[in-house]
Amino acid sequence: SQTIHQWPATLVQPVGSPLSLECTVEGTSNPNLYWYRQAAGRGLQLLFYSVGIGQISSEVPQNLSASRPQDRQFILSSKKLLLSDSGFYLCAWRGHRQYNSGNTIYFGEGSWLTVV
Amino acid sequence: AQSVTQLGSHVSVSEGALVLLRCNYSSSVPPYLFWYVQYPNQGLQLLLKYTSAATLVKGINGFEAEFKKSETSFHLTKPSAHMSDAAEYFCAVRLGGSQGNLIFGKGTKLSVKP
């Protein structure tokens, strides 16, 4: 079965410091990968998605970047965090259409980021 | 463009009462619709999904949802609320194309009173 792992679960970082959140998926190949952010009272916002290694699409202009160095690894980064980057970050994956999982996006457990 | 509207950011019911969480969608093509549940400090868990098969969809934990094209709705119901149902619920519609992103509603927080 497929699983998704995301870490760290909780992070407190000072303004101006770098960020790296990692996500890996097991049990599938060539998944679509996503990073969402959930800010208080603002629902879920798609930040980045990737359909393959090295292929990153950004949905909103921001202080963050994403990379996909391996098929099942997705990394969210920042060189200098802002206070407004605080939030709950969720990694997610979707399989291929020919499989039953192809219609559904599955989420990791999330990472709480507090920028102080 | 596709969008999702969840009516009511907060719903409170008594234990044993009917749960009704409302979701309306806007889509120019036949939609794929989803309900997710989020417990405090956790990720999102899929409750159920509509993918153009049966219009009444049964999910986990006794929840179900009915796709009504004429009303562009996909409301989530459960006949009898349990304390453990207290969580935030998100309705979502999936975009087409290779990326297949989800567009989420703003969520409805369900409280269950003893």
# chains A, B, ... in the order shown; residues from 1 in each chain; ligands from 1

$ closest_atom_pairs --of "chain A" --to "chain B" --cutoff "7 Å" --atoms "only C-alpha atoms" --output "CSV"
residue,atom,partner,partner_atom,distance
A:Asn32,CA,B:Gln99,CA,6.9
A:Arg42,CA,B:Lys106,CA,6.5
A:Gly43,CA,B:Lys106,CA,4.4
A:Leu44,CA,B:Phe104,CA,6.3
A:Val51,CA,B:Gln99,CA,6.5
A:Leu90,CA,B:Gly43,CA,6.8
A:Phe107,CA,B:Leu44,CA,5.7
A:Gly108,CA,B:Gly43,CA,5.6
A:Glu109,CA,B:Gly43,CA,4.0
A:Gly110,CA,B:Gly43,CA,5.2

$ select_by_dssp --residues "chain B" --states "helix (DSSP H, G or I)" --output "ChimeraX atom specification"
/B:60-62,83-85

$ closest_residue --among "A:Thr114, A:Pro69, A:Cys23, A:Leu83" --to "A:Thr10" --atoms "only C-alpha atoms"
A:Thr114

$ residues_around --residues "A:Glu26" --least-positions-apart "3" --cutoff "7 Å" --atoms "only C-alpha atoms" --output "ChimeraX atom specification"
/A:2-4

$ residues_around --residues "B:His82" --least-positions-apart "6" --cutoff "7 Å" --atoms "only C-alpha atoms" --output "ChimeraX atom specification"
/B:15-16,112

$ residues_around --residues "A:Gln13" --least-positions-apart "4" --cutoff "10 Å" --atoms "only C-alpha atoms" --output "ChimeraX atom specification"
/A:17-19,81-83,86,113-116

$ write_last_selection --atoms "all heavy atoms" --output "PDB file, in the first residue's frame"
ATOM      1  N   SER A  17      15.537  33.083   8.592  1.00  0.00           N
ATOM      2  CA  SER A  17      16.261  31.805   8.559  1.00  0.00           C
ATOM      3  C   SER A  17      15.756  30.954   7.386  1.00  0.00           C
ATOM      4  O   SER A  17      14.682  31.197   6.853  1.00  0.00           O
ATOM      5  CB  SER A  17      16.052  31.055   9.881  1.00  0.00           C
ATOM      6  OG  SER A  17      14.696  30.705  10.050  1.00  0.00           O
ATOM      7  N   PRO A  18      16.526  29.934   6.995  1.00  0.00           N
ATOM      8  CA  PRO A  18      16.091  29.075   5.884  1.00  0.00           C
ATOM      9  C   PRO A  18      15.097  28.020   6.345  1.00  0.00           C
ATOM     10  O   PRO A  18      14.927  27.772   7.540  1.00  0.00           O
ATOM     11  CB  PRO A  18      17.399  28.428   5.412  1.00  0.00           C
ATOM     12  CG  PRO A  18      18.244  28.400   6.635  1.00  0.00           C
ATOM     13  CD  PRO A  18      17.888  29.625   7.432  1.00  0.00           C
ATOM     14  N   LEU A  19      14.448  27.388   5.359  1.00  0.00           N
ATOM     15  CA  LEU A  19      13.454  26.354   5.647  1.00  0.00           C
ATOM     16  C   LEU A  19      13.653  25.181   4.700  1.00  0.00           C
ATOM     17  O   LEU A  19      13.962  25.364   3.511  1.00  0.00           O
ATOM     18  CB  LEU A  19      12.036  26.905   5.429  1.00  0.00           C
ATOM     19  CG  LEU A  19      10.900  25.870   5.477  1.00  0.00           C
ATOM     20  CD1 LEU A  19      10.668  25.412   6.907  1.00  0.00           C
ATOM     21  CD2 LEU A  19       9.630  26.427   4.864  1.00  0.00           C
ATOM     22  N   LEU A  81      12.882  33.099   5.707  1.00  0.00           N
ATOM     23  CA  LEU A  81      11.482  33.043   6.107  1.00  0.00           C
ATOM     24  C   LEU A  81      10.936  34.404   6.506  1.00  0.00           C
ATOM     25  O   LEU A  81      11.653  35.238   7.084  1.00  0.00           O
ATOM     26  CB  LEU A  81      11.316  32.070   7.275  1.00  0.00           C
ATOM     27  CG  LEU A  81      11.363  30.588   6.916  1.00  0.00           C
ATOM     28  CD1 LEU A  81      11.484  29.745   8.173  1.00  0.00           C
ATOM     29  CD2 LEU A  81      10.122  30.191   6.122  1.00  0.00           C
ATOM     30  N   LEU A  82       9.644  34.590   6.224  1.00  0.00           N
ATOM     31  CA  LEU A  82       8.910  35.759   6.664  1.00  0.00           C
ATOM     32  C   LEU A  82       7.889  35.342   7.711  1.00  0.00           C
ATOM     33  O   LEU A  82       7.505  34.166   7.775  1.00  0.00           O
ATOM     34  CB  LEU A  82       8.169  36.400   5.466  1.00  0.00           C
ATOM     35  CG  LEU A  82       9.002  36.759   4.245  1.00  0.00           C
ATOM     36  CD1 LEU A  82       8.092  37.175   3.099  1.00  0.00           C
ATOM     37  CD2 LEU A  82      10.005  37.842   4.573  1.00  0.00           C
ATOM     38  N   LEU A  83       7.435  36.318   8.499  1.00  0.00           N
ATOM     39  CA  LEU A  83       6.390  36.003   9.480  1.00  0.00           C
ATOM     40  C   LEU A  83       5.163  35.400   8.803  1.00  0.00           C
ATOM     41  O   LEU A  83       4.524  34.484   9.337  1.00  0.00           O
ATOM     42  CB  LEU A  83       5.991  37.263  10.247  1.00  0.00           C
ATOM     43  CG  LEU A  83       6.976  37.774  11.305  1.00  0.00           C
ATOM     44  CD1 LEU A  83       6.499  39.097  11.866  1.00  0.00           C
ATOM     45  CD2 LEU A  83       7.174  36.755  12.417  1.00  0.00           C
ATOM     46  N   SER A  86       4.249  31.518   8.287  1.00  0.00           N
ATOM     47  CA  SER A  86       3.726  30.624   9.317  1.00  0.00           C
ATOM     48  C   SER A  86       2.451  29.941   8.836  1.00  0.00           C
ATOM     49  O   SER A  86       1.618  30.546   8.155  1.00  0.00           O
ATOM     50  CB  SER A  86       3.418  31.409  10.590  1.00  0.00           C
ATOM     51  OG  SER A  86       4.588  31.912  11.172  1.00  0.00           O
ATOM     52  N   LEU A 113       4.606  25.124  10.912  1.00  0.00           N
ATOM     53  CA  LEU A 113       5.717  26.066  10.888  1.00  0.00           C
ATOM     54  C   LEU A 113       5.295  27.348  11.588  1.00  0.00           C
ATOM     55  O   LEU A 113       4.300  27.969  11.221  1.00  0.00           O
ATOM     56  CB  LEU A 113       6.131  26.387   9.449  1.00  0.00           C
ATOM     57  CG  LEU A 113       7.142  27.531   9.295  1.00  0.00           C
ATOM     58  CD1 LEU A 113       8.488  27.166   9.937  1.00  0.00           C
ATOM     59  CD2 LEU A 113       7.333  27.899   7.824  1.00  0.00           C
ATOM     60  N   THR A 114       6.073  27.731  12.588  1.00  0.00           N
ATOM     61  CA  THR A 114       5.864  29.009  13.251  1.00  0.00           C
ATOM     62  C   THR A 114       7.112  29.850  13.042  1.00  0.00           C
ATOM     63  O   THR A 114       8.214  29.431  13.432  1.00  0.00           O
ATOM     64  CB  THR A 114       5.609  28.832  14.756  1.00  0.00           C
ATOM     65  OG1 THR A 114       4.482  27.963  14.941  1.00  0.00           O
ATOM     66  CG2 THR A 114       5.331  30.168  15.417  1.00  0.00           C
ATOM     67  N   VAL A 115       6.929  30.998  12.425  1.00  0.00           N
ATOM     68  CA  VAL A 115       8.054  31.909  12.212  1.00  0.00           C
ATOM     69  C   VAL A 115       7.960  33.011  13.273  1.00  0.00           C
ATOM     70  O   VAL A 115       6.922  33.662  13.417  1.00  0.00           O
ATOM     71  CB  VAL A 115       8.024  32.506  10.806  1.00  0.00           C
ATOM     72  CG1 VAL A 115       9.241  33.404  10.581  1.00  0.00           C
ATOM     73  CG2 VAL A 115       7.999  31.396   9.762  1.00  0.00           C
ATOM     74  N   VAL A 116       9.044  33.173  14.020  1.00  0.00           N
ATOM     75  CA  VAL A 116       9.014  34.122  15.146  1.00  0.00           C
ATOM     76  C   VAL A 116      10.023  35.257  14.933  1.00  0.00           C
ATOM     77  O   VAL A 116      10.931  35.133  14.121  1.00  0.00           O
ATOM     78  CB  VAL A 116       9.294  33.399  16.471  1.00  0.00           C
ATOM     79  CG1 VAL A 116       8.199  32.384  16.743  1.00  0.00           C
ATOM     80  CG2 VAL A 116      10.663  32.737  16.454  1.00  0.00           C
TER      81      VAL A 116
END

$ atom_distance --atom1 "atom CA of B:Pro40" --atom2 "atom CA of B:Asp85"
11.6 Å
